[in-house]
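S.K.: Got a structure for you, input_22.tsv, holding TSV, C-alpha atoms (C1' of nucleotides).
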```
chain	number	residue	atom	x	y	z
Z	90	MET	CA	-37.62	-25.73	-0.04
Z	91	HIS	CA	-34.16	-24.13	-0.05
Z	92	PRO	CA	-33.42	-22.54	3.32
Z	93	PRO	CA	-29.81	-21.43	2.84
Z	94	ARG	CA	-30.61	-19.90	-0.51
Z	95	GLU	CA	-33.32	-17.71	0.98
Z	96	PHE	CA	-30.85	-16.96	3.73
Z	97	ALA	CA	-28.29	-15.75	1.25
Z	98	ASP	CA	-30.81	-13.62	-0.60
Z	99	ALA	CA	-32.14	-11.94	2.51
Z	100	LEU	CA	-28.69	-11.23	3.82
Z	101	GLY	CA	-27.67	-9.96	0.41
Z	102	GLU	CA	-30.53	-7.53	0.44
Z	103	LEU	CA	-29.56	-6.30	3.88
Z	104	PHE	CA	-25.97	-5.86	2.72
Z	105	LEU	CA	-27.16	-3.71	-0.12
Z	106	GLN	CA	-29.34	-1.61	2.15
Z	107	VAL	CA	-26.53	-1.11	4.61
Z	108	ARG	CA	-24.05	-0.21	1.91
Z	109	VAL	CA	-26.38	2.39	0.47
Z	110	HIS	CA	-26.88	3.86	3.94
Z	111	PHE	CA	-23.18	4.30	4.54
Z	112	GLU	CA	-22.19	5.42	1.08
Z	113	GLN	CA	-24.94	8.02	1.14
Z	114	GLY	CA	-23.90	9.10	4.61
Z	115	PHE	CA	-20.25	9.41	3.65
Z	116	ALA	CA	-21.17	11.33	0.53
Z	117	ASP	CA	-23.27	13.73	2.60
Z	118	LEU	CA	-20.23	14.33	4.79
Z	119	GLY	CA	-18.13	14.95	1.70
Z	120	VAL	CA	-15.57	12.16	2.20
Z	121	PRO	CA	-14.89	9.16	0.00
Z	122	SER	CA	-15.71	5.86	1.68
Z	123	PRO	CA	-12.13	4.69	2.26
Z	124	CYS	CA	-11.33	7.95	4.03
Z	125	ALA	CA	-14.39	7.63	6.20
Z	126	LYS	CA	-13.56	4.07	7.19
Z	127	ALA	CA	-10.00	5.13	7.95
Z	128	LEU	CA	-11.09	8.12	10.01
Z	129	ARG	CA	-13.22	5.90	12.14
Z	130	LEU	CA	-10.24	3.72	12.95
Z	131	ILE	CA	-7.84	6.54	13.74
Z	132	ASP	CA	-8.45	7.29	17.37
Z	133	GLY	CA	-6.20	10.29	17.72
Z	134	SER	CA	-3.18	8.66	16.10
Z	135	LEU	CA	-2.41	5.43	14.27
Z	136	SER	CA	0.49	4.11	12.22
Z	137	MET	CA	-0.14	3.57	8.53
Z	138	LYS	CA	0.87	-0.05	8.81
Z	139	GLU	CA	-1.68	-0.70	11.52
Z	140	LEU	CA	-4.35	1.14	9.57
Z	141	GLY	CA	-3.69	-1.08	6.58
Z	142	ALA	CA	-4.04	-4.15	8.76
Z	143	ARG	CA	-7.36	-3.00	10.18
Z	144	LEU	CA	-8.71	-2.03	6.79
Z	145	HIS	CA	-7.52	-5.32	5.32
Z	146	CYS	CA	-5.86	-3.49	2.49
Z	147	ASP	CA	-2.53	-3.03	0.80
Z	148	GLY	CA	0.02	-0.56	2.12
Z	149	SER	CA	0.05	1.39	-1.11
Z	150	PHE	CA	-3.63	2.07	-0.76
Z	151	VAL	CA	-3.08	3.37	2.75
Z	152	THR	CA	-0.66	5.86	1.22
Z	153	ALA	CA	-3.43	7.02	-1.09
Z	154	ILE	CA	-5.86	7.36	1.81
Z	155	ALA	CA	-3.32	9.29	3.85
Z	156	ASP	CA	-2.76	11.63	0.90
Z	157	ALA	CA	-6.49	12.23	0.64
Z	158	LEU	CA	-6.82	12.86	4.38
Z	159	GLU	CA	-3.95	15.35	4.30
Z	160	GLU	CA	-5.32	17.12	1.23
Z	161	ARG	CA	-8.57	17.63	3.09
Z	162	GLY	CA	-6.81	18.77	6.23
Z	163	LEU	CA	-8.30	15.94	8.26
Z	164	ALA	CA	-5.04	14.35	9.37
Z	165	ARG	CA	-1.30	14.75	8.96
Z	166	ARG	CA	1.63	12.36	8.84
Z	167	GLU	CA	4.02	12.51	11.76
Z	168	THR	CA	7.21	10.50	11.72
Z	169	ASP	CA	7.35	8.35	14.81
Z	170	PRO	CA	10.19	9.58	17.02
Z	171	ASP	CA	11.00	6.05	18.23
Z	172	ASP	CA	11.21	4.53	14.76
Z	173	ARG	CA	11.62	6.90	11.88
Z	174	ARG	CA	10.28	4.38	9.34
Z	175	ILE	CA	6.87	4.61	10.91
Z	176	LYS	CA	4.51	7.42	10.04
Z	177	ASN	CA	1.62	8.02	12.36
Z	178	LEU	CA	-1.54	9.56	11.07
Z	179	VAL	CA	-2.78	12.05	13.59
Z	180	LEU	CA	-6.15	13.70	13.36
Z	181	THR	CA	-6.46	17.45	13.06
Z	182	ARG	CA	-9.26	19.15	14.90
Z	183	ALA	CA	-11.38	19.05	11.76
Z	184	GLY	CA	-10.58	15.36	11.36
Z	185	ASN	CA	-11.65	14.62	14.87
Z	186	LYS	CA	-14.88	16.48	14.45
Z	187	LEU	CA	-15.68	14.63	11.26
Z	188	ARG	CA	-14.83	11.36	12.94
Z	189	GLY	CA	-17.53	12.07	15.49
Z	190	ARG	CA	-20.10	12.52	12.78
Z	191	ILE	CA	-19.01	9.32	11.12
Z	192	GLN	CA	-19.45	7.45	14.40
Z	193	LEU	CA	-22.98	8.79	14.54
Z	194	LEU	CA	-23.62	7.14	11.19
Z	195	PHE	CA	-22.59	3.81	12.67
Z	196	ASP	CA	-24.72	4.35	15.76
Z	197	ASP	CA	-27.70	5.04	13.55
Z	198	PHE	CA	-27.38	1.60	12.05
Z	199	PRO	CA	-30.21	1.02	9.56
Z	200	GLY	CA	-32.69	-1.49	10.84
Z	201	ALA	CA	-31.09	-1.99	14.23
Z	202	ARG	CA	-33.61	0.46	15.63
Z	203	ARG	CA	-36.41	-1.77	14.48
Z	204	LEU	CA	-35.22	-4.58	16.76
Z	205	ASP	CA	-35.94	-4.47	20.47
Z	206	PRO	CA	-32.94	-4.88	22.77
Z	207	GLU	CA	-33.39	-8.59	23.40
Z	208	GLU	CA	-33.77	-9.31	19.71
Z	209	ARG	CA	-30.67	-7.31	19.08
Z	210	GLU	CA	-28.77	-9.31	21.60
Z	211	ALA	CA	-30.01	-12.59	20.12
Z	212	PHE	CA	-29.10	-11.39	16.66
Z	213	LEU	CA	-25.62	-10.46	17.79
Z	214	ARG	CA	-25.17	-13.83	19.46
Z	215	MET	CA	-26.13	-15.61	16.26
Z	216	LEU	CA	-23.79	-13.41	14.28
Z	217	TYR	CA	-20.89	-14.45	16.46
Z	218	LYS	CA	-21.97	-18.05	16.25
Z	219	MET	CA	-22.03	-17.90	12.48
Z	220	MET	CA	-18.53	-16.56	12.50
Z	221	ALA	CA	-17.41	-19.39	14.74
Z	222	LYS	CA	-15.83	-17.07	17.19
Z	223	GLY	CA	-18.30	-17.64	20.00
Z	224	VAL	CA	-19.38	-14.83	22.27
Z	225	ASP	CA	-16.91	-15.92	24.91
Z	226	ALA	CA	-14.04	-15.78	22.44
Z	227	ALA	CA	-15.04	-12.22	21.59
Z	228	ALA	CA	-15.53	-11.30	25.24
Z	229	ALA	CA	-12.36	-13.02	26.42
Z	230	THR	CA	-10.03	-10.79	24.40
Z	231	PRO	CA	-10.66	-7.26	25.64
Z	232	GLU	CA	-7.40	-5.76	24.39
Z	233	ARG	CA	-6.92	-7.65	21.15
Z	234	GLN	CA	-8.58	-5.81	18.30
Z	235	THR	CA	-10.31	-7.75	15.51
Z	236	ALA	CA	-10.53	-5.39	12.56
Z	237	ALA	CA	-13.70	-5.01	10.55
Z	238	SER	CA	-14.73	-2.79	7.68
W	125	MET	CA	-22.12	1.20	26.06
W	126	HIS	CA	-22.64	1.46	22.29
W	127	PRO	CA	-24.90	-1.35	21.11
W	128	PRO	CA	-25.44	-0.30	17.49
W	129	ARG	CA	-21.74	0.26	16.99
W	130	GLU	CA	-20.90	-3.29	18.00
W	131	PHE	CA	-23.78	-4.35	15.81
W	132	ALA	CA	-22.26	-2.61	12.84
W	133	ASP	CA	-18.84	-4.08	13.46
W	134	ALA	CA	-20.09	-7.63	13.81
W	135	LEU	CA	-22.21	-7.36	10.71
W	136	GLY	CA	-19.29	-5.80	8.88
W	137	GLU	CA	-17.13	-8.73	9.76
W	138	LEU	CA	-19.78	-11.15	8.55
W	139	PHE	CA	-20.05	-9.21	5.29
W	140	LEU	CA	-16.36	-9.58	4.77
W	141	GLN	CA	-16.43	-13.28	5.49
W	142	VAL	CA	-19.31	-13.83	3.13
W	143	ARG	CA	-17.70	-11.79	0.40
W	144	VAL	CA	-14.49	-13.76	0.64
W	145	HIS	CA	-16.46	-17.00	0.47
W	146	PHE	CA	-18.23	-16.03	-2.74
W	147	GLU	CA	-15.32	-14.37	-4.46
W	148	GLN	CA	-13.16	-17.38	-3.76
W	149	GLY	CA	-15.92	-19.68	-4.95
W	150	PHE	CA	-16.44	-17.73	-8.17
W	151	ALA	CA	-12.71	-17.65	-8.78
W	152	ASP	CA	-12.53	-21.41	-8.34
W	153	LEU	CA	-15.24	-21.77	-10.96
W	154	GLY	CA	-13.30	-19.49	-13.26
W	155	VAL	CA	-15.90	-16.73	-13.66
W	156	PRO	CA	-15.68	-13.08	-12.64
W	157	SER	CA	-18.16	-12.15	-9.91
W	158	PRO	CA	-20.53	-10.11	-12.06
W	159	CYS	CA	-20.88	-13.02	-14.48
W	160	ALA	CA	-21.58	-15.42	-11.65
W	161	LYS	CA	-24.24	-13.16	-10.17
W	162	ALA	CA	-25.79	-12.78	-13.60
W	163	LEU	CA	-25.76	-16.49	-14.30
W	164	ARG	CA	-27.61	-17.14	-11.09
W	165	LEU	CA	-30.39	-14.79	-12.18
W	166	ILE	CA	-30.75	-16.12	-15.70
W	167	ASP	CA	-33.14	-19.02	-15.34
W	168	GLY	CA	-33.00	-20.31	-18.89
W	169	SER	CA	-33.58	-16.93	-20.50
W	170	LEU	CA	-33.80	-13.31	-19.42
W	171	SER	CA	-33.83	-9.95	-21.16
W	172	MET	CA	-30.83	-7.72	-20.64
W	173	LYS	CA	-33.02	-4.94	-19.35
W	174	GLU	CA	-34.49	-7.16	-16.67
W	175	LEU	CA	-31.07	-8.49	-15.75
W	176	GLY	CA	-29.86	-4.94	-15.24
W	177	ALA	CA	-32.82	-4.24	-12.98
W	178	ARG	CA	-32.18	-7.30	-10.85
W	179	LEU	CA	-28.47	-6.62	-10.59
W	180	HIS	CA	-29.19	-2.98	-9.73
W	181	CYS	CA	-26.74	-1.86	-12.37
W	182	ASP	CA	-26.45	0.25	-15.47
W	183	GLY	CA	-27.45	-1.09	-18.87
W	184	SER	CA	-24.02	-0.56	-20.29
W	185	PHE	CA	-22.57	-2.85	-17.70
W	186	VAL	CA	-25.08	-5.51	-18.62
W	187	THR	CA	-23.69	-5.27	-22.14
W	188	ALA	CA	-20.24	-5.96	-20.76
W	189	ILE	CA	-21.48	-8.93	-18.75
W	190	ALA	CA	-23.30	-10.32	-21.76
W	191	ASP	CA	-20.12	-9.99	-23.81
W	192	ALA	CA	-18.18	-11.90	-21.17
W	193	LEU	CA	-20.80	-14.63	-20.97
W	194	GLU	CA	-20.80	-15.06	-24.72
W	195	GLU	CA	-17.00	-15.11	-24.90
W	196	ARG	CA	-16.99	-17.96	-22.42
W	197	GLY	CA	-19.76	-19.78	-24.26
W	198	LEU	CA	-22.04	-19.64	-21.24
W	199	ALA	CA	-24.93	-17.76	-22.87
W	200	ARG	CA	-25.89	-16.19	-26.15
W	201	ARG	CA	-27.98	-13.20	-27.15
W	202	GLU	CA	-31.23	-13.97	-28.93
W	203	THR	CA	-33.32	-11.18	-30.34
W	204	ASP	CA	-36.83	-11.42	-28.98
W	205	PRO	CA	-39.22	-12.34	-31.81
W	206	ASP	CA	-42.04	-10.23	-30.33
W	207	ASP	CA	-39.95	-7.08	-29.90
W	208	ARG	CA	-36.76	-6.89	-31.87
W	209	ARG	CA	-35.25	-4.26	-29.55
W	210	ILE	CA	-35.08	-6.79	-26.74
W	211	LYS	CA	-32.22	-9.24	-26.53
W	212	ASN	CA	-32.71	-12.25	-24.33
W	213	LEU	CA	-29.74	-13.92	-22.76
W	214	VAL	CA	-30.24	-17.65	-23.00
W	215	LEU	CA	-27.98	-20.12	-21.26
W	216	THR	CA	-26.02	-22.65	-23.22
W	217	ARG	CA	-25.68	-26.13	-21.80
W	218	ALA	CA	-22.33	-25.16	-20.29
W	219	GLY	CA	-23.92	-22.04	-18.82
W	220	ASN	CA	-26.67	-24.01	-17.23
W	221	LYS	CA	-24.26	-26.49	-15.74
W	222	LEU	CA	-22.15	-23.72	-14.28
W	223	ARG	CA	-25.26	-22.08	-12.92
W	224	GLY	CA	-25.96	-25.23	-10.96
W	225	ARG	CA	-22.55	-25.09	-9.36
W	226	ILE	CA	-23.04	-21.45	-8.50
W	227	GLN	CA	-26.33	-22.25	-6.80
W	228	LEU	CA	-24.46	-24.80	-4.71
W	229	LEU	CA	-22.22	-22.01	-3.50
W	230	PHE	CA	-25.26	-20.15	-2.26
W	231	ASP	CA	-26.69	-23.25	-0.62
W	232	ASP	CA	-23.41	-23.74	1.21
W	233	PHE	CA	-23.81	-20.36	2.85
W	234	PRO	CA	-20.94	-19.78	5.26
W	235	GLY	CA	-22.02	-19.90	8.85
W	236	ALA	CA	-25.63	-20.83	8.15
W	237	ARG	CA	-24.68	-24.43	8.86
W	238	ARG	CA	-23.61	-23.44	12.33
W	239	LEU	CA	-27.12	-22.32	13.22
W	240	ASP	CA	-29.77	-24.88	14.06
W	241	PRO	CA	-33.02	-24.65	12.08
W	242	GLU	CA	-34.97	-22.68	14.66
W	243	GLU	CA	-32.16	-20.19	15.07
W	244	ARG	CA	-32.02	-19.85	11.34
W	245	GLU	CA	-35.70	-19.12	11.20
W	246	ALA	CA	-35.42	-16.55	13.98
W	247	PHE	CA	-32.47	-14.95	12.25
W	248	LEU	CA	-34.36	-14.73	9.00
W	249	ARG	CA	-37.36	-13.21	10.73
W	250	MET	CA	-35.17	-10.53	12.27
W	251	LEU	CA	-33.55	-9.86	8.93
W	252	TYR	CA	-36.92	-9.17	7.39
W	253	LYS	CA	-37.89	-7.05	10.34
W	254	MET	CA	-34.77	-4.98	9.98
W	255	MET	CA	-35.59	-4.37	6.37
W	256	ALA	CA	-39.07	-3.26	7.33
W	257	LYS	CA	-40.68	-5.64	4.94
W	258	GLY	CA	-42.18	-7.89	7.59
W	259	VAL	CA	-42.35	-11.65	7.18
W	260	ASP	CA	-45.95	-11.41	5.94
W	261	ALA	CA	-44.90	-9.01	3.19
W	262	ALA	CA	-42.29	-11.51	2.08
W	263	ALA	CA	-44.64	-14.46	2.45
W	264	ALA	CA	-47.55	-12.70	0.72
W	265	THR	CA	-45.70	-12.39	-2.58
W	266	PRO	CA	-44.92	-15.94	-3.62
W	267	GLU	CA	-44.36	-15.20	-7.30
W	268	ARG	CA	-42.77	-11.77	-7.10
W	269	GLN	CA	-39.00	-12.03	-6.91
W	270	THR	CA	-37.02	-9.48	-4.92
W	271	ALA	CA	-33.54	-9.34	-6.43
W	272	ALA	CA	-30.47	-9.25	-4.21
W	273	SER	CA	-26.75	-9.43	-4.87
D	236	DC	C1'	31.61	-2.34	14.05
D	237	DG	C1'	29.64	-3.59	9.33
D	238	DG	C1'	26.95	-5.90	5.96
D	239	DG	C1'	22.83	-8.12	4.91
D	240	DA	C1'	17.88	-8.86	5.91
D	241	DA	C1'	13.65	-7.21	7.35
D	242	DT	C1'	10.30	-3.37	7.94
D	243	DC	C1'	7.65	0.82	6.63
D	244	DC	C1'	6.33	3.71	3.25
D	245	DT	C1'	6.00	5.42	-1.60
D	246	DT	C1'	5.55	5.27	-6.62
D	247	DG	C1'	3.77	3.75	-10.94
D	248	DA	C1'	1.30	0.64	-13.63
D	249	DG	C1'	-2.61	-2.22	-14.06
D	250	DT	C1'	-7.29	-4.53	-12.84
D	251	DT	C1'	-12.04	-4.82	-11.53
D	252	DT	C1'	-16.35	-2.91	-11.14
D	253	DG	C1'	-18.82	0.03	-12.12
D	254	DT	C1'	-21.16	5.04	-14.01
D	255	DC	C1'	-22.49	8.62	-17.48
D	256	DA	C1'	-23.44	10.67	-21.99
D	257	DA	C1'	-24.26	9.99	-26.61
D	258	DC	C1'	-25.91	7.23	-30.01
D	259	DC	C1'	-28.63	3.74	-33.14
D	260	DA	C1'	-32.36	0.75	-34.14
D	261	DA	C1'	-36.84	-0.79	-33.24
D	262	DT	C1'	-41.40	0.24	-31.41
D	263	DG	C1'	-45.58	2.87	-29.99
D	264	DA	C1'	-48.70	6.94	-29.95
D	265	DC	C1'	-51.05	10.19	-32.48
I	180	DG	C1'	-45.78	9.36	-41.21
I	181	DT	C1'	-43.59	11.80	-37.70
I	182	DC	C1'	-41.86	11.98	-32.90
I	183	DA	C1'	-41.04	10.39	-28.41
I	184	DT	C1'	-39.84	6.24	-25.89
I	185	DT	C1'	-37.43	2.03	-25.04
I	186	DG	C1'	-33.56	-1.44	-25.33
I	187	DG	C1'	-28.99	-1.96	-26.30
I	188	DT	C1'	-24.20	-0.45	-27.54
I	189	DT	C1'	-20.08	2.37	-27.43
I	190	DG	C1'	-16.46	5.18	-25.47
I	191	DA	C1'	-14.71	7.94	-21.90
I	192	DC	C1'	-14.20	8.08	-17.23
I	193	DA	C1'	-13.95	7.16	-11.93
I	194	DA	C1'	-13.41	4.64	-7.63
I	195	DA	C1'	-11.26	1.19	-5.11
I	196	DC	C1'	-8.31	-1.51	-5.08
I	197	DT	C1'	-3.63	-4.84	-6.07
I	198	DC	C1'	1.17	-5.89	-7.46
I	199	DA	C1'	6.11	-5.13	-8.32
I	200	DA	C1'	9.88	-2.31	-7.54
I	201	DG	C1'	12.51	0.89	-4.88
I	202	DG	C1'	14.15	4.13	-0.96
I	203	DA	C1'	14.90	4.87	3.80
I	204	DT	C1'	15.35	3.07	8.39
I	205	DT	C1'	16.25	-0.24	11.69
I	206	DC	C1'	17.41	-4.91	13.31
I	207	DC	C1'	20.34	-9.06	13.47
I	208	DC	C1'	24.46	-11.26	14.02
I	209	DG	C1'	28.93	-12.68	13.22
```
Let me see whether you can do it: turn the structure in this file into structure tokens.
M.R.:
Amino acid sequence: MHPPREFADALGELFLQVRVHFEQGFADLGVPSPCAKALRLIDGSLSMKELGARLHCDGSFVTAIADALEERGLARRETDPDDRRIKNLVLTRAGNKLRGRIQLLFDDFPGARRLDPEEREAFLRMLYKMMAKGVDAAAATPERQTAAS
Amino acid sequence: MHPPREFADALGELFLQVRVHFEQGFADLGVPSPCAKALRLIDGSLSMKELGARLHCDGSFVTAIADALEERGLARRETDPDDRRIKNLVLTRAGNKLRGRIQLLFDDFPGARRLDPEEREAFLRMLYKMMAKGVDAAAATPERQTAAS
DNA sequence: CGGGAATCCTTGAGTTTGTCAACCAATGAC
DNA sequence: GTCATTGGTTGACAAACTCAAGGATTCCCG
């Protein structure tokens, strides 16, 4: 009949389900979504520039996120000693703790539990194939990070 | 290591890719995304209430979408003769033509081409499994439509 | 050295995509 | 005939962004 159309609809429904899961989870933790996504990426310390790159968003929005994180006492700006233009966001203890809980949200990925390990692996392989970045390409670059949201 | 986390990241990247594909496509067609999504759902004629339900959005936003569609001459409101509270959105010829082009965007789903038919079927089956609505549930309701965005 | 040019961050204004509360007009229930 | 419900509209607001301009460093290069 119309295979790709059904494809799009099914995937769209999954997207929705996943989005609801995360937005609800973030809300339960009391952080706005952009803060939560940022927290997850800050592993101890990260420059604002780099954070913007990984979030695929404008620098000015990173400023807003950093403000929100500071207001909540989750992170603070520290001017980089080697280059005083750069400001590194470093997690406070509270920020680090919250980050852990956010990671748990990602580990408890909705639906992934319902797939057995081999299915999950097959699914992942097809995902990479769809994105034309083959498994090998992903596996061959251990140090290069490929931001996602 | 952390299977679900990688799962989440890969899926997140796909989401992004798909979103870019559609937003770019809609922009090329000269319609804002909400209008495009609405157009796809209006098959000739649809009540605003029902459109809101399928878009999972508030009634007031449907009003805004309807306004935009009328402004562009893509649809018009017609009071339902059987219940004068109801307003049906009916596509103009231009609206219907545009709808066709939007459907093409969905048929040209990014990445789906890169999967061979059996992979696609397997992928779809896993999608349904993840959403806990089993293939049979989906197959057993041929006339019931299950809106997605 | 010194004067751009580039880089990192911030600010302020604006856009898109929505939600919520309050309302009106038509309908249905009794 | 009232009175509650339903469908739609309006206006105020919020969240998640982007863009253009500017300030502070640092880099480049003659």
S.K.: Just need the residues of chain I within 12 Å of chain W, counting only C-alpha atoms (C1' of nucleotides), so spit them out as a PDB file with C-alpha atoms (C1' of nucleotides), in the frame of the given file.
M.R.:
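Contents of part-v4.pdb, freshly written:
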```pdb
ATOM      1  C1'  DT I 185     -37.430   2.030 -25.040  1.00  0.00           C
ATOM      2  C1'  DG I 186     -33.560  -1.440 -25.330  1.00  0.00           C
ATOM      3  C1'  DG I 187     -28.990  -1.960 -26.300  1.00  0.00           C
ATOM      4  C1'  DT I 188     -24.200  -0.450 -27.540  1.00  0.00           C
ATOM      5  C1'  DT I 189     -20.080   2.370 -27.430  1.00  0.00           C
ATOM      6  C1'  DG I 190     -16.460   5.180 -25.470  1.00  0.00           C
TER       7       DG I 190
END
```
S.K.: So, with only C-alpha atoms (C1' of nucleotides) as the atoms that count, which of W:Pro128, W:Asp204, W:Leu163, W:Gly197 lies closest to chain D?
M.R.: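 Ranked by minimum distance to chain D, first place goes to W:Asp204.
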S.K.: Find the residues near Z:Ala155: any atom within 12 Å, counting only C-alpha atoms (C1' of nucleotides), skip ones fewer than 4 places away on the same chain, and give them as an MDAnalysis selection string.
M.R.: (chainID Z and resid 123:128 131 135:138 140:141 148:151 159:167 176:180) or (chainID D and resid 244:245)
S.K.: Residues of chain W no more than 6 Å from chain Z, counting all atoms listed in the file: send them over as a count of residues only.
M.R.: 12
S.K.: Which chain D residues have any atom within 8 Å of an atom of chain W, and for each, what is the nearest pair of atoms with distance in Å to one decimal, counting only C-alpha atoms (C1' of nucleotides), rows sorted by chain and number, as a Markdown table?
M.R.:
```
| residue | atom | partner | partner_atom | distance |
| --- | --- | --- | --- | --- |
| D:DG253 | C1' | W:Phe185 | CA | 7.3 |
| D:DT254 | C1' | W:Asp182 | CA | 7.3 |
| D:DA260 | C1' | W:Arg209 | CA | 7.4 |
| D:DA261 | C1' | W:Arg209 | CA | 5.3 |
| D:DT262 | C1' | W:Asp207 | CA | 7.6 |
```
S.K.: Atom C1' of I:DC206 to atom CA of Z:Ala142: how many Å, to one decimal?
M.R.: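 Atom-to-atom, atom C1' of I:DC206 and atom CA of Z:Ala142 are spaced 21.9 Å apart.
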S.K.: Please enclose the listed atoms of stretch 186-194 of chain Z in an axis-aligned box, pad each side by 6 Å, and write out the centre and the three edge lengths in Å, rounded to one decimal, as JSON.
M.R.:
```
{"center_x": -19.2, "center_y": 11.8, "center_z": 13.3, "size_x": 20.8, "size_y": 21.3, "size_z": 16.4}
```
S.K.: Nearest residue to I:DG201 out of D:DA264, D:DT246, D:DT251, D:DC259, using all atoms listed in the file?
M.R.: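 The closest residue to I:DG201 is D:DT246.
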S.K.: Tell me, in Å to one decimal, how far atom CA of Z:Phe111 is from atom CA of Z:Ile191.
M.R.: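 For atom CA of Z:Phe111 relative to atom CA of Z:Ile191, the distance reads 9.3 Å.
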S.K.: Just how far from atom C1' of D:DA256 is atom CA of W:Arg178, in Å to one decimal?
M.R.: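 We find that atom CA of W:Arg178 and atom C1' of D:DA256 lie 22.9 Å from each other.
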